[in-house]
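**Q** Handing you a structure now.
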Amino acid sequence: MKRNRGINRRLPSAFIVTAALGLATLSSQGAHAKPKEAASSAASASAAFRTAAAAAHTSLAANDLAGARTAISGLAPASALETYLAASLRMDLAVRSNDTASQRKALADMLGSGAMPAGQEGYLRYLAGYAALQAGASDEGIDQLQRARALGQTDPHVSLLLVDAYLRRKRPDDAISLLQETIDKQRAAGQAVPVTWYDRGASLAFNRKNWPQLARFYAGRLTEKPTPGDWRTATSSYIFGAAPDKEAQLDLIRLQAATGALASERDVQNYATLAAGQGYSAEAKTVIEAGRSNGELSAVDPVTKPLLASLAPKAVKNLAALKTLPGRSALATGGQAAADSGDALLANAQYAEAVPFYRAALTKGGVDASRVNTRLGIALARSGDLQGAQAAFAQAKGPWADVAAYWNAWVVNQVPAKR
C-alpha cells in the first residue's frame, strides 16, 4: 500500500471570527450614541469601549497590525460582552499574525466570556480544536472537536480534523470509523467525496488489517470515475492482504478482466491458472487464447503452454456438459448441485443461464448463501439486470460481502446517470 498524505487540516477563510467582528462593528457604529445601559451590564459595552474597539477594528481592516496591537492592548473590558469583543479582536490579530498561542488564548476567553452569540459555540470550539492541534495539544483538540460536533457542527472539516487527532493519539480504529461516517454523510447529502478520503481510509484499513473496511473504502473509491489502474490496485491490495479463498480470488480477478485491469502477462497467467485449478477448464482455455490473440501471451509462454495442452480435452468435456444445463435448474438434485451448475455456466460467460440455477440453490438450501448471492449478483449484473444484482449483493455476508462490494461498484459505474 502506498502511504497517503494526511487529510488537509486547512480551515476556510472564515477562520477569522466574522460573527464576532460583526458585533464589534455593530457596537462601534453606536459609539457616539447615548448608552442605554450601564457599562458594567453583562449585555452592553460602554461608549469608551466601543470607541477603542472601533479603532482596533479599523486598524485590522487596514492590516495595520502594529496599530491594532496598540489599540487592542488598551482595551479594558468591564462586562461579559466587552470581554467577548476584546477577545474576538485579539483572535483576528492573532490569525493575521499567525500566532497560534495567542489564538488559543483568545478563543478560550471568547468561550469563557458568557457572551457568545447564540449558535456560535460549536464553531468556536471547532476553531479552538484546530488551534490546539496546531500547537500539538492533541487531547485538548480532540475534546474541543468532539464538543463542536455534539453542538451541531456538520462541516466535514471538523470530522477530518478529528480523524487526524485520533491518529496522533494512536486511535486508528476511531479514526477509521469516523472517516467512514464522514464519507457516508457526504454521500447521503449528495456531495462529491474527494478520492483522497477513500485512499486515506484504505491505507488506514490496510495497516490495521481490517479487510472488510478496506473493501468498503475501496468500493466507494471505485464509484468515483475509476481507471483500470484503480480497479487493479483496489482488488490486488485486497487479495494480497485478506487472502480470500480461491473462488473469491477468482471473482475478483474476473472483475479485473471486466474492467480492463489485467495489466501484465503475469496477471493473465494467474487468471488462467486459478480458473483451471478451480475446475473451470473452458474458462481457463478462453483466457489463454484471448491472451495470445491480443499479444499479452506468446504461443511458447512457459506457464500457459503446458497448461493449455492439459486443458484442451477437459474443456471439450466441460463445454459438452454445459450444453445440457440451460432450462434444467428445477431438476437439480439439491442446492449444492444447482450452485455448481450455476458456477459452471458463469465461468463460461453464460450469465443469464446461470441465474435460475443460483436461485434454485438458494431455494433448495444446503449452500453458502453469501457465496451464491454474490455469484447470483455477478450473473445478474453481467446479463444486464443491475437492480437485481444490487439486491443480490446486499444479501452477502462475511468475506463474500467484500467481493460483493467490489462488484457492486462495477454495477454503479454502469448507471452513471444515477450517480
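If you're wondering about the labels, chains in the C-alpha cells are A, B, ... by order shown, residues count from 1 in each chain, ligands from 1 in order shown.
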Write out as a list in words each polymer residue whose atoms come within 12 Å of A:Pro194, counting only C-alpha atoms; drop sequence neighbours fewer than 2 positions from it.

**A**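 Result of the neighbour search: Ile7, Asn8, Pro156, Thr182, Ile183, Gln186, Arg187, Gln191, Ala192, Thr196, Trp197, Tyr198, Asp199, Arg200, Gly201, Gly220, Arg221, Leu222, Thr223, Glu224 and Lys225 of chain A.
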
**Q** Please, could you write that set of residues out with C-alpha atoms as a PDB file, in the first residue's frame?

**A**
ATOM      1  CA  ILE A   7      -6.036  14.913   5.459  1.00  0.00           C
ATOM      2  CA  ASN A   8      -5.805  18.627   4.739  1.00  0.00           C
ATOM      3  CA  PRO A 156     -16.703  17.689   7.229  1.00  0.00           C
ATOM      4  CA  THR A 182     -17.926  11.333   7.285  1.00  0.00           C
ATOM      5  CA  ILE A 183     -17.891   9.750   3.832  1.00  0.00           C
ATOM      6  CA  GLN A 186     -21.174  13.356   2.446  1.00  0.00           C
ATOM      7  CA  ARG A 187     -22.684  10.841   0.046  1.00  0.00           C
ATOM      8  CA  GLN A 191     -21.977  15.821  -2.177  1.00  0.00           C
ATOM      9  CA  ALA A 192     -18.928  14.554  -4.026  1.00  0.00           C
ATOM     10  CA  THR A 196      -8.215  11.279  -1.125  1.00  0.00           C
ATOM     11  CA  TRP A 197     -10.675  10.468   1.661  1.00  0.00           C
ATOM     12  CA  TYR A 198     -11.176   6.970   0.304  1.00  0.00           C
ATOM     13  CA  ASP A 199      -7.465   6.493  -0.266  1.00  0.00           C
ATOM     14  CA  ARG A 200      -6.655   7.588   3.267  1.00  0.00           C
ATOM     15  CA  GLY A 201      -9.262   5.226   4.662  1.00  0.00           C
ATOM     16  CA  GLY A 220     -16.584   3.619  -2.534  1.00  0.00           C
ATOM     17  CA  ARG A 221     -13.436   4.813  -4.286  1.00  0.00           C
ATOM     18  CA  LEU A 222     -14.327   2.728  -7.319  1.00  0.00           C
ATOM     19  CA  THR A 223     -17.596   4.596  -7.816  1.00  0.00           C
ATOM     20  CA  GLU A 224     -15.646   7.817  -8.484  1.00  0.00           C
ATOM     21  CA  LYS A 225     -14.686   7.513 -12.162  1.00  0.00           C
TER      22      LYS A 225
END

**Q** Determine, counting only C-alpha atoms, which protein, DNA and RNA residues have an atom within 9 Å of an atom of A:Gly291; residues of the same chain fewer than 6 positions away are not included. Present the result as a PDB file with C-alpha atoms, in the first residue's frame.

**A**
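Now in result.pdb:
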ATOM      1  CA  GLU A 265       1.469 -11.339 -18.722  1.00  0.00           C
ATOM      2  CA  VAL A 268      -3.223 -13.387 -17.400  1.00  0.00           C
ATOM      3  CA  GLN A 269      -1.188 -16.405 -16.307  1.00  0.00           C
ATOM      4  CA  LEU A 297       0.849 -14.086 -24.043  1.00  0.00           C
ATOM      5  CA  SER A 298       3.171 -15.746 -26.500  1.00  0.00           C
TER       6      SER A 298
END

**Q** Looking at only C-alpha atoms, which of A:Ala61, A:Leu311, A:Ala405, A:Ala248 is the one that sits closest to A:Ala276?

**A** A:Leu311

**Q** A:Lys209, A:Lys185, A:Arg375, A:Arg69: which is nearest A:Phe240, counting only C-alpha atoms?

**A** A:Lys209

**Q** May I have the residues within 12 Å of A:Thr70 as JSON, numbers by chain, using only C-alpha atoms and disregarding those fewer than 2 positions away in the same chain?

**A** {"A": [52, 53, 55, 56, 57, 59, 60, 64, 65, 66, 67, 68, 72, 73, 74, 75, 89, 90, 93]}

**Q** Between A:Leu380, A:Val95, A:Leu81, A:Ala101, single out the one closest to A:Pro117, counting only C-alpha atoms.

**A**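 Once distances to A:Pro117 are computed over only C-alpha atoms, the minimum belongs to A:Leu81.
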